[in-house]
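Visitor: File follows, run-v4.tsv with TSV, C-alpha atoms:
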```tsv
chain	number	residue	atom	x	y	z
A	1	MET	CA	57.20	-116.64	46.20
A	2	ALA	CA	54.45	-117.23	48.75
A	3	ARG	CA	55.36	-119.31	51.78
A	4	SER	CA	54.50	-123.00	51.54
A	5	LEU	CA	51.88	-124.04	54.10
A	6	TRP	CA	52.07	-127.79	53.49
A	7	THR	CA	54.17	-130.22	51.46
A	8	GLY	CA	53.25	-133.74	50.48
A	9	SER	CA	51.92	-135.56	47.46
A	10	LEU	CA	48.79	-135.71	45.36
A	11	SER	CA	47.59	-139.26	44.93
A	12	PHE	CA	45.04	-140.88	42.63
A	13	GLY	CA	45.25	-144.53	41.76
A	14	LEU	CA	48.92	-145.48	41.78
A	15	VAL	CA	50.05	-142.00	40.71
A	16	ASN	CA	51.79	-139.80	43.30
A	17	VAL	CA	52.81	-136.23	42.46
A	18	PRO	CA	55.00	-134.27	44.96
A	19	VAL	CA	53.25	-130.94	45.67
A	20	GLN	CA	53.28	-127.96	48.02
A	21	LEU	CA	50.38	-125.79	49.12
A	22	VAL	CA	50.36	-121.98	49.12
A	23	SER	CA	47.46	-119.64	49.81
A	24	ALA	CA	45.76	-118.17	46.74
A	25	VAL	CA	44.57	-115.05	48.58
A	26	ARG	CA	46.29	-112.25	50.49
A	27	ASP	CA	44.91	-110.44	53.48
A	28	GLN	CA	44.29	-106.81	52.53
A	29	ASP	CA	42.38	-105.84	55.67
A	30	VAL	CA	43.53	-102.67	57.41
A	31	ARG	CA	44.55	-103.84	60.88
A	32	PHE	CA	45.09	-101.75	63.99
A	33	HIS	CA	46.73	-102.02	67.40
A	34	GLN	CA	44.79	-101.35	70.56
A	35	VAL	CA	46.30	-98.23	72.12
A	36	HIS	CA	45.59	-95.69	74.83
A	37	LYS	CA	43.58	-92.95	73.14
A	38	ASP	CA	45.48	-90.12	74.89
A	39	THR	CA	49.08	-91.36	74.68
A	40	GLY	CA	49.07	-93.87	71.82
A	41	GLU	CA	50.75	-96.47	74.03
A	42	ARG	CA	50.07	-100.08	73.12
A	43	VAL	CA	47.53	-101.79	75.37
A	44	GLN	CA	48.27	-105.32	76.55
A	45	THR	CA	45.61	-107.98	76.98
A	46	MET	CA	45.83	-110.07	80.13
A	47	ARG	CA	43.99	-113.33	80.71
A	48	VAL	CA	42.53	-113.42	84.21
A	49	ALA	CA	40.31	-115.82	86.11
A	50	SER	CA	36.71	-114.64	86.32
A	51	THR	CA	36.38	-115.36	90.06
A	52	ASP	CA	39.50	-113.88	91.70
A	53	GLY	CA	40.87	-111.71	88.85
A	54	GLU	CA	44.29	-113.39	89.06
A	55	GLU	CA	46.29	-113.58	85.83
A	56	VAL	CA	46.44	-117.08	84.30
A	57	ALA	CA	49.69	-118.22	82.65
A	58	TRP	CA	49.38	-119.34	79.05
A	59	GLU	CA	50.52	-122.89	79.90
A	60	ASP	CA	47.66	-123.16	82.42
A	61	ILE	CA	44.93	-122.34	79.90
A	62	ALA	CA	42.80	-125.16	78.54
A	63	LYS	CA	39.59	-125.34	76.49
A	64	GLY	CA	36.20	-125.89	78.05
A	65	TRP	CA	32.92	-127.22	76.66
A	66	GLU	CA	29.81	-126.14	78.53
A	67	THR	CA	27.03	-128.73	78.56
A	68	ASP	CA	23.33	-127.91	78.38
A	69	ASP	CA	23.04	-128.24	82.17
A	70	GLY	CA	25.93	-125.81	82.79
A	71	GLU	CA	28.72	-128.28	83.52
A	72	MET	CA	32.14	-127.29	82.14
A	73	VAL	CA	34.12	-130.15	80.59
A	74	VAL	CA	37.81	-129.17	80.52
A	75	LEU	CA	39.94	-130.51	77.65
A	76	THR	CA	43.74	-130.31	77.52
A	77	ASP	CA	46.08	-130.49	74.53
A	78	GLU	CA	46.65	-134.14	75.36
A	79	ASP	CA	42.90	-134.78	75.19
A	80	PHE	CA	42.67	-133.23	71.74
A	81	GLU	CA	45.41	-135.50	70.44
A	82	ALA	CA	43.00	-138.42	70.80
A	83	ALA	CA	40.60	-136.79	68.30
A	84	GLN	CA	43.21	-135.76	65.73
A	85	PRO	CA	42.90	-137.36	62.29
A	86	GLU	CA	45.64	-139.62	61.04
A	87	LYS	CA	48.56	-137.40	60.07
A	88	THR	CA	49.25	-137.80	56.37
A	89	ARG	CA	51.21	-135.98	53.71
A	90	THR	CA	48.88	-136.96	50.91
A	91	VAL	CA	45.91	-135.43	49.16
A	92	ASP	CA	43.85	-138.52	48.42
A	93	ILE	CA	41.49	-138.12	45.45
A	94	ASP	CA	38.24	-140.05	45.73
A	95	LEU	CA	36.47	-139.17	42.49
A	96	PHE	CA	36.12	-136.69	39.64
A	97	VAL	CA	33.00	-134.59	39.04
A	98	ASP	CA	31.84	-131.76	36.78
A	99	LEU	CA	32.37	-128.28	38.21
A	100	GLN	CA	28.77	-127.33	37.43
A	101	ASP	CA	27.61	-130.12	39.75
A	102	ILE	CA	29.14	-128.36	42.80
A	103	ASP	CA	27.09	-125.59	44.37
A	104	PRO	CA	29.47	-122.63	45.04
A	105	VAL	CA	28.14	-122.47	48.61
A	106	TYR	CA	30.35	-125.47	49.39
A	107	PHE	CA	33.61	-123.67	48.49
A	108	ASP	CA	35.61	-122.15	51.33
A	109	HIS	CA	39.30	-121.10	51.01
A	110	PRO	CA	41.37	-121.24	47.79
A	111	TYR	CA	45.00	-122.37	47.53
A	112	TRP	CA	47.50	-123.08	44.79
A	113	LEU	CA	48.92	-126.59	44.61
A	114	LEU	CA	52.42	-126.33	43.13
A	115	PRO	CA	55.08	-128.89	42.20
A	116	ALA	CA	57.58	-129.74	44.94
A	117	GLY	CA	60.94	-131.48	44.91
A	118	ASP	CA	64.11	-131.23	42.89
A	119	GLY	CA	64.73	-132.43	39.37
A	120	ALA	CA	62.56	-132.75	36.29
A	121	GLY	CA	60.56	-135.74	37.56
A	122	PRO	CA	58.17	-133.93	39.94
A	123	VAL	CA	57.57	-131.10	37.46
A	124	ARG	CA	56.89	-133.55	34.64
A	125	ALA	CA	54.41	-135.51	36.77
A	126	TYR	CA	52.76	-132.24	37.84
A	127	ARG	CA	52.48	-130.98	34.26
A	128	LEU	CA	50.98	-134.30	33.18
A	129	LEU	CA	48.27	-134.00	35.84
A	130	VAL	CA	47.59	-130.34	34.93
A	131	ASP	CA	47.21	-131.22	31.24
A	132	VAL	CA	45.00	-134.23	31.93
A	133	MET	CA	42.68	-132.34	34.29
A	134	GLY	CA	42.56	-129.37	31.95
A	135	SER	CA	41.56	-131.63	29.04
A	136	ALA	CA	38.97	-133.50	31.07
A	137	GLY	CA	37.50	-130.27	32.45
A	138	GLN	CA	36.61	-131.98	35.70
A	139	VAL	CA	37.12	-131.34	39.41
A	140	ALA	CA	38.85	-133.85	41.68
A	141	ILE	CA	37.32	-134.36	45.13
A	142	GLY	CA	39.59	-135.51	47.93
A	143	ARG	CA	40.73	-134.97	51.51
A	144	ILE	CA	43.71	-133.29	53.16
A	145	VAL	CA	44.88	-132.91	56.76
A	146	LEU	CA	45.97	-129.34	57.59
A	147	ARG	CA	46.98	-128.28	61.10
A	148	ALA	CA	45.47	-131.39	62.72
A	149	LYS	CA	42.12	-130.95	60.96
A	150	GLU	CA	40.76	-132.90	58.02
A	151	TYR	CA	39.27	-130.99	55.09
A	152	LEU	CA	37.24	-131.94	52.08
A	153	VAL	CA	38.88	-130.35	49.02
A	154	ALA	CA	38.21	-129.71	45.34
A	155	LEU	CA	41.08	-129.61	42.85
A	156	ARG	CA	40.99	-128.34	39.28
A	157	GLU	CA	43.20	-126.96	36.54
A	158	GLN	CA	43.27	-123.16	36.52
A	159	ASP	CA	45.55	-120.94	34.42
A	160	GLY	CA	48.05	-123.74	33.88
A	161	LEU	CA	48.28	-124.67	37.57
A	162	LEU	CA	46.35	-126.82	40.01
A	163	SER	CA	44.08	-124.98	42.41
A	164	LEU	CA	42.87	-126.56	45.65
A	165	THR	CA	39.84	-125.20	47.49
A	166	THR	CA	38.76	-126.41	50.90
A	167	MET	CA	35.06	-127.21	51.10
A	168	ARG	CA	32.33	-127.18	53.69
A	169	PHE	CA	30.77	-130.47	54.71
A	170	ALA	CA	27.08	-130.97	53.98
A	171	ASP	CA	26.02	-130.79	57.64
A	172	GLU	CA	27.64	-127.34	57.97
A	173	LEU	CA	25.08	-125.80	55.64
A	174	ARG	CA	21.57	-124.84	56.61
A	175	SER	CA	18.84	-126.45	54.59
A	176	PRO	CA	16.11	-124.15	53.23
A	177	ASP	CA	13.70	-126.34	55.21
A	178	GLU	CA	15.27	-125.02	58.44
A	179	ILE	CA	14.60	-121.40	57.51
A	180	ASP	CA	11.12	-119.92	57.53
A	181	ALA	CA	11.93	-117.71	54.56
A	182	ILE	CA	8.42	-117.39	53.19
A	183	PRO	CA	5.62	-117.28	55.78
A	184	GLN	CA	3.21	-120.16	55.49
A	185	GLY	CA	-0.03	-119.16	53.89
A	186	ALA	CA	1.55	-116.27	51.96
A	187	THR	CA	-0.12	-115.77	48.60
A	188	GLY	CA	0.65	-113.88	45.45
A	189	ARG	CA	2.33	-114.99	42.27
A	190	PRO	CA	3.91	-112.61	39.73
A	191	SER	CA	2.10	-112.18	36.44
A	192	ARG	CA	3.56	-113.43	33.18
A	193	ARG	CA	4.23	-109.83	32.11
A	194	GLU	CA	6.12	-109.11	35.34
A	195	VAL	CA	8.24	-112.21	34.85
A	196	ASP	CA	8.98	-111.26	31.22
A	197	ASP	CA	10.03	-107.72	32.19
A	198	ALA	CA	12.20	-109.03	35.02
A	199	VAL	CA	13.92	-111.46	32.61
A	200	ALA	CA	14.43	-108.63	30.12
A	201	LEU	CA	15.94	-106.43	32.87
A	202	ILE	CA	18.37	-109.18	33.81
A	203	GLY	CA	19.29	-109.51	30.14
A	204	GLU	CA	20.06	-105.80	29.90
A	205	LEU	CA	22.28	-105.98	32.99
A	206	THR	CA	24.13	-109.11	31.89
A	207	ASP	CA	27.83	-108.73	31.15
A	208	GLU	CA	31.10	-110.58	31.64
A	209	PHE	CA	32.38	-110.70	35.22
A	210	ARG	CA	35.65	-108.76	35.50
A	211	PRO	CA	36.85	-108.91	39.14
A	212	ALA	CA	39.43	-106.12	38.61
A	213	ARG	CA	36.68	-103.54	38.07
A	214	TYR	CA	35.65	-103.85	41.74
A	215	ASP	CA	37.59	-102.21	44.58
A	216	ASP	CA	37.25	-102.51	48.33
A	217	CYS	CA	35.83	-99.00	48.74
A	218	HIS	CA	35.84	-99.17	52.53
A	219	ARG	CA	39.57	-100.02	52.65
A	220	VAL	CA	40.36	-97.20	50.20
A	221	ARG	CA	38.43	-94.68	52.32
A	222	LEU	CA	40.05	-95.98	55.51
A	223	LEU	CA	43.61	-95.67	54.14
A	224	LYS	CA	42.80	-92.16	52.89
A	225	LEU	CA	41.51	-91.24	56.35
A	226	ILE	CA	44.68	-92.61	58.01
A	227	ASP	CA	46.88	-90.58	55.64
A	228	GLU	CA	44.81	-87.44	56.32
A	229	LYS	CA	45.13	-87.94	60.09
A	230	ARG	CA	48.89	-88.53	59.80
A	231	ARG	CA	49.48	-85.36	57.76
A	232	SER	CA	47.13	-82.89	59.44
A	233	GLY	CA	46.48	-84.47	62.84
A	234	LYS	CA	42.73	-84.36	62.34
A	235	VAL	CA	40.03	-85.79	60.16
A	236	GLN	CA	37.20	-83.92	58.48
A	237	ILE	CA	34.08	-85.44	60.01
A	238	PRO	CA	31.13	-85.39	57.61
A	239	GLU	CA	27.67	-84.38	58.72
A	240	PRO	CA	25.86	-87.38	60.19
A	241	GLU	CA	23.50	-88.97	57.75
A	242	PRO	CA	20.04	-90.08	58.79
A	243	GLU	CA	19.70	-93.73	59.67
A	244	PRO	CA	18.90	-95.59	56.45
A	245	VAL	CA	15.46	-97.07	56.23
A	246	ALA	CA	14.95	-100.50	54.77
A	247	GLN	CA	13.26	-100.16	51.40
A	248	LYS	CA	9.86	-101.71	50.98
A	249	ALA	CA	8.62	-103.61	47.97
A	250	PRO	CA	7.10	-101.23	45.40
A	251	LYS	CA	3.33	-100.92	45.51
A	252	ASP	CA	3.22	-101.07	41.72
A	253	LEU	CA	5.69	-103.81	40.82
A	254	MET	CA	4.89	-103.60	37.12
A	255	ALA	CA	5.62	-99.87	36.96
A	256	ALA	CA	8.91	-100.31	38.87
A	257	LEU	CA	10.00	-103.06	36.47
A	258	GLU	CA	9.15	-101.02	33.38
A	259	GLU	CA	10.96	-97.94	34.71
A	260	SER	CA	14.05	-100.00	35.59
A	261	LEU	CA	14.00	-101.65	32.16
A	262	ALA	CA	13.74	-98.28	30.44
A	263	LYS	CA	16.70	-96.91	32.40
A	264	ALA	CA	18.78	-100.00	31.64
A	265	ARG	CA	18.07	-99.56	27.94
A	266	GLY	CA	18.91	-95.87	28.10
A	267	GLY	CA	15.38	-94.88	27.15
A	268	LYS	CA	13.04	-92.31	28.64
A	269	GLY	CA	9.65	-92.73	30.21
A	270	SER	CA	8.12	-96.04	31.15
A	271	GLY	CA	8.63	-97.68	27.76
A	272	GLY	CA	7.44	-101.05	29.02
A	273	THR	CA	7.49	-103.91	26.56
A	274	GLY	CA	5.79	-106.71	28.40
A	275	SER	CA	7.65	-109.48	26.61
A	276	GLY	CA	10.59	-107.24	25.61
A	277	GLY	CA	13.34	-109.58	26.79
A	278	SER	CA	15.18	-111.15	23.95
A	279	GLY	CA	17.41	-112.49	26.74
A	280	THR	CA	20.50	-111.08	25.04
A	281	SER	CA	21.78	-107.85	26.51
A	282	LYS	CA	23.31	-104.95	24.64
A	283	ARG	CA	26.35	-105.20	26.86
A	284	LYS	CA	26.67	-108.91	26.27
A	285	ARG	CA	26.40	-108.50	22.50
A	286	SER	CA	28.98	-105.70	22.63
A	287	ALA	CA	31.34	-107.84	24.71
A	288	LYS	CA	31.08	-110.71	22.26
A	289	SER	CA	31.69	-108.45	19.29
A	290	THR	CA	34.93	-107.13	20.81
A	291	ALA	CA	36.18	-110.52	22.02
```
Please render this file's structure as structure tokens.
Guide:
Amino acid sequence: MARSLWTGSLSFGLVNVPVQLVSAVRDQDVRFHQVHKDTGERVQTMRVASTDGEEVAWEDIAKGWETDDGEMVVLTDEDFEAAQPEKTRTVDIDLFVDLQDIDPVYFDHPYWLLPAGDGAGPVRAYRLLVDVMGSAGQVAIGRIVLRAKEYLVALREQDGLLSLTTMRFADELRSPDEIDAIPQGATGRPSRREVDDAVALIGELTDEFRPARYDDCHRVRLLKLIDEKRRSGKVQIPEPEPEPVAQKAPKDLMAALEESLAKARGGKGSGGTGSGGSGTSKRKRSAKSTA
């Protein structure tokens, strides 16, 4: 079983359910040591002062905040204790909302919230909450303190368990108003036919999302390269490819849409339909028929 990162209780109203928190993801990154390229010896990192180059002991290292005028404000561990949130062992639920009302951009890191404690009582209370939230189909919004930091969290029933996902606060996200995405004064609106063909193309490409069909291709290639180097002592270096050039928007948008639509439908030639999008894809209909 995954290691528990936090234990406490889930609280809403007068109901308290003992729970423990475990991560819902595992780190699959291929990680390396820094070594000497000729000998393979591990390389150590030393922290030194920028002025005299003297090594600084770990206990003498603090954190510094540089102000706009260049002044460095030094903060110690004792200083940070003054800003720590109140230490609690409770996930306090504030309200319940519909999942569709939460923009996915707010979600951060997923966890599983599991029952904790001995005896049938905690499990029974946990199961009651799982069943209730599953029936209601809503998401609970609350707060939790993890490692001296307070997080906004969303909880919901998922596959017979409670999942907890930390969330970003509103001021952490950039508003579209802050980004000059479309230059002012830019003109040009797509025609009705272009919109219809684009909708039809989306319909042809629509299918159920199956996460297992996607692999981390870079990690697979990297592990294969490591195995090749271990066995033969060398790696076959491919011919360098030319630097990719950013693709430009097609000069004839209508022709590009019609050609893409024809390919998606398995047809030949341009085969444009103009309004051709019934909105229901062949793949989607096939998926429904086999469900």
Visitor: Rank A:Tyr214, A:Asp103, A:Leu257, A:Gly142 by their smallest atom-to-atom distance to Ile202 in chain A, using only C-alpha atoms, and report the top residue only.
Guide: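 For Ile202 in chain A, the nearest of the given residues is A:Leu257.
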Visitor: Would you tabulate, counting all atoms listed in the file, all residues of range 136-241 of chain A that have an atom at most 10 Å from an atom of range 2-26 of chain A, showing the closest pair of atoms and their distance in Å to one decimal, sorted by chain then ascending number, as JSON lines?
Guide:
```
{"residue": "A:Ala140", "atom": "CA", "partner": "A:Phe12", "partner_atom": "CA", "distance": 9.4}
{"residue": "A:Gly142", "atom": "CA", "partner": "A:Phe12", "partner_atom": "CA", "distance": 9.3}
{"residue": "A:Ile144", "atom": "CA", "partner": "A:Leu10", "partner_atom": "CA", "distance": 9.6}
{"residue": "A:Val145", "atom": "CA", "partner": "A:Trp6", "partner_atom": "CA", "distance": 9.4}
{"residue": "A:Leu146", "atom": "CA", "partner": "A:Trp6", "partner_atom": "CA", "distance": 7.5}
{"residue": "A:Arg147", "atom": "CA", "partner": "A:Trp6", "partner_atom": "CA", "distance": 9.2}
{"residue": "A:Leu162", "atom": "CA", "partner": "A:Val19", "partner_atom": "CA", "distance": 9.8}
{"residue": "A:Ser163", "atom": "CA", "partner": "A:Ala24", "partner_atom": "CA", "distance": 8.2}
{"residue": "A:Leu164", "atom": "CA", "partner": "A:Leu21", "partner_atom": "CA", "distance": 8.3}
{"residue": "A:Thr165", "atom": "CA", "partner": "A:Ala24", "partner_atom": "CA", "distance": 9.2}
```
Visitor: Calculated over only C-alpha atoms, which of the candidates A:Glu194, A:Asp216, A:Asp38, A:Thr90 has the smallest distance to Leu261 in chain A?
Guide: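 Going through A:Glu194, A:Asp216, A:Asp38, A:Thr90 one by one, the smallest distance to Leu261 in chain A is for A:Glu194.
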Visitor: Could you check how far CA of Lys229 in chain A sits from CA of Pro242 in chain A, in Å to one decimal?
Guide: 25.2 Å
Visitor: Which one is closest to Asp197 in chain A: A:Met167, A:Ala262, A:Leu155, A:Pro250? Count all atoms listed in the file.
Guide: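 For Asp197 in chain A, the nearest of the given residues is A:Ala262.
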Visitor: Work out how far CA of Ile141 in chain A is from CA of Glu172 in chain A, in Å to one decimal.
Guide: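 Computing it gives 17.5 Å between the two atoms.
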Visitor: Report, in Å with one decimal, the straight-line distance from CA of Val74 in chain A to CA of Ala148 in chain A.
Guide: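 We find that CA of Val74 in chain A and CA of Ala148 in chain A lie 19.5 Å from each other.
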Visitor: Dig up all the protein and nucleic acid residues within 12 Å of (44.3, -131.8, 30.7) in the file frame, using all atoms listed in the file, and format them as a list in words.
Guide: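 Using all atoms listed in the file, the matching residues come out as Tyr126, Arg127, Leu128, Leu129, Val130, Asp131, Val132, Met133, Gly134, Ser135, Ala136, Gly137, Gln138, Val139, Arg156, Glu157, Gln158, Asp159, Gly160, Leu161 and Leu162 of chain A.
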Visitor: Under the rule that only C-alpha atoms are counted, which of A:Phe169, A:Ala154, A:Lys263, A:Ala200 is the nearest residue to Asp101 in chain A?
Guide: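 The answer is A:Ala154, which sits nearest to Asp101 in chain A.
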